[in-house]
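> I have a structure here, written as structure tokens, and I will follow up with some questions on it.
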Amino acid sequence: MIAPKDADILLRALQSHGMQGAAVAQLLAQLPGIPRRTAQRWLAQCVQAGQARAVGEGRGRRYVAVAPRWHAPPLPAAVHRVSEPSPPPLWSLDDLPSGLALSPEGREIWAYVSQPVTARTPVGYQRDWIDGYVPGRSFYLPEPVRRQLHAMGRTPDEQAPAGTYSRAILDRLLIDLSWASSHLEGNTYSRLDTRELIRHGTAAEGKGRVETQMILNHKAAIELLVDASAQPGPPFSPFSRYLLMNLHATLAENLLPNPADEGRVRQHAVDIGQSVFRPLDAPQVLDELVDVLIEKANAIADPFEQAFFMMVHVPYLQPFADINKRTSRLAANLPLFRANLCPLTFVDVPPEAYARAMLGVYEMGRVELLRDLLVWAYERSTAEYVAIRQTLAEPDPLRLAWRQLIKDTVHAVVTQPGVDAVGLVEQAVAAHVPEPERAAVRAVILDELRRLHEGVLARYRLRPGQWRDWIAAQGRY
């Protein structure tokens, strides 16, 4: 049997790798002078004794130190419970939709998190996990998976300016992503209900105000990201503290018990229902780790690895009082928007499978089940969106060059119904457009105003009521 001293050396080396674990070669690099066969024998004995667990097979096998079981203390009165839907205890692998095949690692995670809460090991936030991630050297998505995702997500706008594709499909994207992401939170709006709310401002009958607010917040947040995707900047640096905070504030508007928590790093402890994971509760450390998260995300070159990194580490950190998963799902789309790749809409993703994948992240520090779900969900998203884009006309270069001025001017005209529309257009064009192009840009803006209808209001950040007031002021009712 392994001697206590040797076991202690080995386990301390394992623990230094956090919840990601280490391969034998990595451990040997930390323990010079120990033969490989000896290290393998020690590891096998640690696994048998329950001090470590083995993950994977063959050359890909890794070993993870198992923390001793402890009993979570009662939550103090100041702790807030995050409103995350819990997976039904009897939902099984047989209920997975057709085509969603889990890897052996994904099945292992599923089996563990499907146990009763009392049978799972309580665990806290492991900072080693994010500290050990080295952009360009660490990958949650293996190279073959990244290559597969790129092949699926390629669009005709691959070489166009950043954000071109997401703007072209915005009307459909607002509906699909708002509905699907809200559905993962237990929202009962149907896809048709969501379309009516987003296009016409009509709330579905029999639905609660919280559900309606959730959909509208998603719409506003997606528009925020589409606008941000076209902003100039380093090619692989889409994230900023400003953007992450404002994305959360937009998703959280009118939904949190304390409005002061909107767009702000949380100042109190939280726990996650039906989970043995205890998030960090020190505001100063949370604040620091938000910056670490953003810095690491921006150093990742591959947009899919960037997206998945945000899907994993924003919910795992729980930087906000609530609405962390929604923030992560939308933030994950920003690198895809900037690279003119198909979006990840989460349409048809089973809430139960997503909940279990997130439990695997929280309680095991493992991403394989969430990765299985990502690949399956992205294949479903891309099949439809590539077909949609192929039917769209080639973008007008003039409209593309002056798109922001066009949007801003249309918004200004409609929100000031008592002001002369032609005069406002003339002022905007004269102030920003060179003389040779003024007449053409002026004609484009006036044409947009003539063709304005309820189905395109989101493009100009307009609400149906503002549009109707403008129409009425012109005597067109």
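Following the order of the structure tokens, chains are lettered A, B, ..., residues in each are numbered from 1, and ligands are numbered from 1.
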Please, which residues of region 27-189 of chain A, numbered as in this document, come out alpha helix (DSSP H) from DSSP, as a PyMOL selection string?
chain A and resi 27-30+36-48+104-113+127-131+143-153+164-168+170-183
> Hey, could you make a per-residue contact list for region 323-368 of chain A against region 305-313 of chain A with 9 Å as the cut-off, showing the nearest pair of atoms and its distance in Å to one decimal, counting only C-alpha atoms, sorted by chain and number, as CSV?

residue,atom,partner,partner_atom,distance
A:Lys325,CA,A:Met311,CA,7.5
A:Thr327,CA,A:Met311,CA,8.7
A:Ser328,CA,A:Met311,CA,4.9
A:Arg329,CA,A:Met311,CA,5.9
A:Leu330,CA,A:Met311,CA,8.8
A:Ala331,CA,A:Met310,CA,6.8
A:Ala332,CA,A:Ala307,CA,4.0
A:Asn333,CA,A:Ala307,CA,6.4
A:Leu334,CA,A:Ala307,CA,7.5
A:Pro335,CA,A:Ala307,CA,6.2
A:Leu336,CA,A:Ala307,CA,7.5
A:Met358,CA,A:Val312,CA,8.0
A:Val361,CA,A:Val312,CA,6.9
A:Val367,CA,A:Val312,CA,7.5
> So that I have them on file, write out the residues from the current selection with N, CA and C atoms, as a short mmCIF file (atom, residue, chain, number, x, y, z; two decimals), in the first residue's frame.

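As a result, out-v8.cif now contains:
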data_model
loop_
_atom_site.label_atom_id
_atom_site.label_comp_id
_atom_site.auth_asym_id
_atom_site.auth_seq_id
_atom_site.Cartn_x
_atom_site.Cartn_y
_atom_site.Cartn_z
N LYS A 325 -26.87 32.85 -15.47
CA LYS A 325 -26.87 31.94 -16.63
C LYS A 325 -27.38 32.65 -17.88
N THR A 327 -27.11 35.79 -18.51
CA THR A 327 -26.02 36.67 -18.93
C THR A 327 -24.96 35.88 -19.68
N SER A 328 -24.64 34.67 -19.21
CA SER A 328 -23.61 33.87 -19.86
C SER A 328 -24.05 33.40 -21.25
N ARG A 329 -25.32 33.04 -21.39
CA ARG A 329 -25.80 32.55 -22.69
C ARG A 329 -25.75 33.65 -23.74
N LEU A 330 -26.15 34.84 -23.38
CA LEU A 330 -26.11 35.92 -24.35
C LEU A 330 -24.68 36.39 -24.59
N ALA A 331 -23.89 36.48 -23.53
CA ALA A 331 -22.48 36.88 -23.70
C ALA A 331 -21.75 35.91 -24.60
N ALA A 332 -22.11 34.63 -24.55
CA ALA A 332 -21.45 33.63 -25.39
C ALA A 332 -21.66 33.91 -26.87
N ASN A 333 -22.72 34.64 -27.21
CA ASN A 333 -22.98 34.91 -28.62
C ASN A 333 -22.15 36.07 -29.17
N LEU A 334 -21.60 36.91 -28.29
CA LEU A 334 -20.87 38.08 -28.79
C LEU A 334 -19.68 37.70 -29.66
N PRO A 335 -18.82 36.75 -29.27
CA PRO A 335 -17.72 36.37 -30.17
C PRO A 335 -18.22 35.84 -31.51
N LEU A 336 -19.36 35.15 -31.51
CA LEU A 336 -19.91 34.62 -32.75
C LEU A 336 -20.43 35.75 -33.63
N MET A 358 -25.11 22.27 -16.08
CA MET A 358 -24.61 23.33 -15.21
C MET A 358 -24.27 22.79 -13.82
N VAL A 361 -20.83 21.60 -13.97
CA VAL A 361 -19.87 22.70 -13.86
C VAL A 361 -19.72 23.12 -12.40
N VAL A 367 -16.78 20.07 -17.74
CA VAL A 367 -17.52 20.74 -18.81
C VAL A 367 -18.01 19.78 -19.89
#
> Between A:Leu43, A:Lys407, A:Gly233, A:His200, single out the one closest to Gly465 (chain A), counting only C-alpha atoms.
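Selected residue with least distance to Gly465 (chain A): A:His200.
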> Distance CA of Pro464 (chain A)-CA of His411 (chain A), one decimal place?
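Interatomic distance, CA of Pro464 (chain A) to CA of His411 (chain A): 12.3 Å.
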> Report, in Å with one decimal, the straight-line distance from CA of Val290 (chain A) to CA of Pro319 (chain A).
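According to the coordinates, CA of Val290 (chain A) and CA of Pro319 (chain A) are separated by 7.1 Å.
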> Write out as a compact mmCIF listing (two decimals) with N, CA and C atoms, in the first residue's frame which residues come within 10 Å of Cys46 (chain A) when counting only C-alpha atoms, dropping same-chain ones fewer than 4 positions away.

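Contents of selection.txt, as written:
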# COMPACT_ATOMS: atom_id res chain seq x y z
N MET A 1 0.84 -1.20 0.00
CA MET A 1 0.00 0.00 0.00
C MET A 1 0.87 1.26 0.00
N ILE A 2 0.32 2.35 -0.50
CA ILE A 2 1.06 3.60 -0.53
C ILE A 2 1.24 4.13 0.89
N ALA A 7 1.40 9.33 -0.07
CA ALA A 7 0.03 9.71 -0.44
C ALA A 7 -0.15 11.21 -0.30
N LEU A 10 1.57 13.05 -3.18
CA LEU A 10 0.82 12.87 -4.43
C LEU A 10 -0.47 13.69 -4.43
N LEU A 11 -1.20 13.65 -3.31
CA LEU A 11 -2.47 14.35 -3.26
C LEU A 11 -2.29 15.86 -3.30
N GLN A 40 1.96 5.62 -11.22
CA GLN A 40 0.72 4.98 -11.64
C GLN A 40 0.17 4.07 -10.56
N ARG A 41 1.08 3.35 -9.86
CA ARG A 41 0.63 2.48 -8.78
C ARG A 41 0.05 3.30 -7.62
N TRP A 42 0.71 4.41 -7.29
CA TRP A 42 0.20 5.27 -6.23
C TRP A 42 -1.19 5.80 -6.59
N GLY A 50 -10.56 6.07 -2.52
CA GLY A 50 -11.51 7.17 -2.57
C GLY A 50 -10.90 8.54 -2.40
N GLN A 51 -9.57 8.63 -2.47
CA GLN A 51 -8.90 9.92 -2.32
C GLN A 51 -8.74 10.65 -3.66
N ALA A 52 -8.96 9.95 -4.73
CA ALA A 52 -8.87 10.55 -6.06
C ALA A 52 -9.81 9.79 -6.98
N ARG A 53 -10.11 10.40 -8.13
CA ARG A 53 -10.93 9.69 -9.12
C ARG A 53 -10.26 9.83 -10.47
N ALA A 54 -10.43 8.82 -11.31
CA ALA A 54 -9.87 8.82 -12.66
C ALA A 54 -10.94 9.23 -13.65
N TYR A 63 -6.44 12.50 -13.43
CA TYR A 63 -6.77 12.17 -12.04
C TYR A 63 -7.11 13.45 -11.30
N ALA A 65 -8.14 15.05 -7.46
CA ALA A 65 -8.20 14.84 -6.01
C ALA A 65 -9.63 15.00 -5.53
N VAL A 66 -10.08 14.11 -4.66
CA VAL A 66 -11.43 14.15 -4.11
C VAL A 66 -11.37 14.81 -2.74
> To one decimal in Å, tell me the separation between CA of Ile406 (chain A) and CA of Arg167 (chain A).
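Here the two named atoms are 13.7 Å from each other.
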> Please provide the set of residues having any atom within 10 Å of region 190-194 of chain A, restricted to only C-alpha atoms, with same-chain residues fewer than 4 positions apart removed, written as a PyMOL selection string.
chain A and resi 174-176+178-180+182-183+198-205+207+212+215-216+219+347
> Would you save the residues of that selection, restricted to C-alpha atoms, as a short mmCIF file (atom, residue, chain, number, x, y, z; two decimals), in the first residue's frame?

data_model
loop_
_atom_site.label_atom_id
_atom_site.label_comp_id
_atom_site.auth_asym_id
_atom_site.auth_seq_id
_atom_site.Cartn_x
_atom_site.Cartn_y
_atom_site.Cartn_z
CA LEU A 174 -34.57 38.43 -31.46
CA ILE A 175 -37.44 35.97 -31.44
CA ASP A 176 -35.49 32.70 -31.35
CA SER A 178 -35.29 35.55 -26.52
CA TRP A 179 -37.74 32.66 -26.50
CA ALA A 180 -35.26 29.81 -26.11
CA SER A 182 -36.26 32.41 -21.44
CA HIS A 183 -37.63 28.89 -21.84
CA ILE A 198 -41.38 41.42 -29.85
CA ARG A 199 -42.88 42.50 -33.16
CA HIS A 200 -46.09 44.13 -32.00
CA GLY A 201 -45.69 44.70 -28.26
CA THR A 202 -48.64 42.42 -27.53
CA ALA A 203 -48.33 40.50 -24.25
CA ALA A 204 -49.76 36.97 -24.25
CA GLU A 205 -52.97 36.42 -22.34
CA LYS A 207 -48.96 35.08 -18.71
CA THR A 212 -43.33 39.25 -20.26
CA ILE A 215 -38.76 38.28 -22.90
CA LEU A 216 -38.52 42.06 -23.39
CA LYS A 219 -34.79 41.49 -26.75
CA VAL A 347 -33.66 26.46 -29.49
#
> Any idea what's packed within 8 Å of Asn298 (chain A), counting only C-alpha atoms, ignoring anything in its chain fewer than 5 positions away? Could you give it as a ChimeraX atom specification?
/A:236-239,306
> Between A:Ala151, A:Ile445, A:Val292, A:Ala299, which has the minimum distance to Arg403 (chain A) (counting only C-alpha atoms)?
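Ranking A:Ala151, A:Ile445, A:Val292, A:Ala299 by distance to Arg403 (chain A), first place goes to A:Ile445.
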> Counting only C-alpha atoms, which residue out of A:Met214, A:Ala421, A:Val375, A:Leu177 sits closest to Val145 (chain A)?
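With only C-alpha atoms as the atom set, the closest residue is A:Val375.
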> Fewer than 3 positions away in the same chain doesn't count, so skip those; otherwise give me all residues within 12 Å of Asp447 (chain A), counting only C-alpha atoms, as a PyMOL selection string.
chain A and resi 399+406+410+422+425+440-444+450-452
> Pull C-alpha atoms from the residues just selected and write them as a PDB file, in the first residue's frame.

ATOM      1  CA  ARG A 399     -26.472  51.425 -46.189  1.00  0.00           C
ATOM      2  CA  ILE A 406     -29.396  55.805 -40.596  1.00  0.00           C
ATOM      3  CA  VAL A 410     -34.754  57.270 -37.963  1.00  0.00           C
ATOM      4  CA  VAL A 422     -37.154  66.260 -43.448  1.00  0.00           C
ATOM      5  CA  VAL A 425     -32.732  64.309 -41.751  1.00  0.00           C
ATOM      6  CA  ALA A 440     -27.800  59.377 -51.559  1.00  0.00           C
ATOM      7  CA  VAL A 441     -27.730  58.976 -47.769  1.00  0.00           C
ATOM      8  CA  ARG A 442     -30.622  61.441 -47.393  1.00  0.00           C
ATOM      9  CA  ALA A 443     -32.657  59.402 -49.888  1.00  0.00           C
ATOM     10  CA  VAL A 444     -31.910  56.155 -48.014  1.00  0.00           C
ATOM     11  CA  ARG A 450     -41.526  55.656 -45.638  1.00  0.00           C
ATOM     12  CA  ARG A 451     -41.189  51.870 -45.281  1.00  0.00           C
ATOM     13  CA  LEU A 452     -41.201  51.833 -41.466  1.00  0.00           C
TER      14      LEU A 452
END
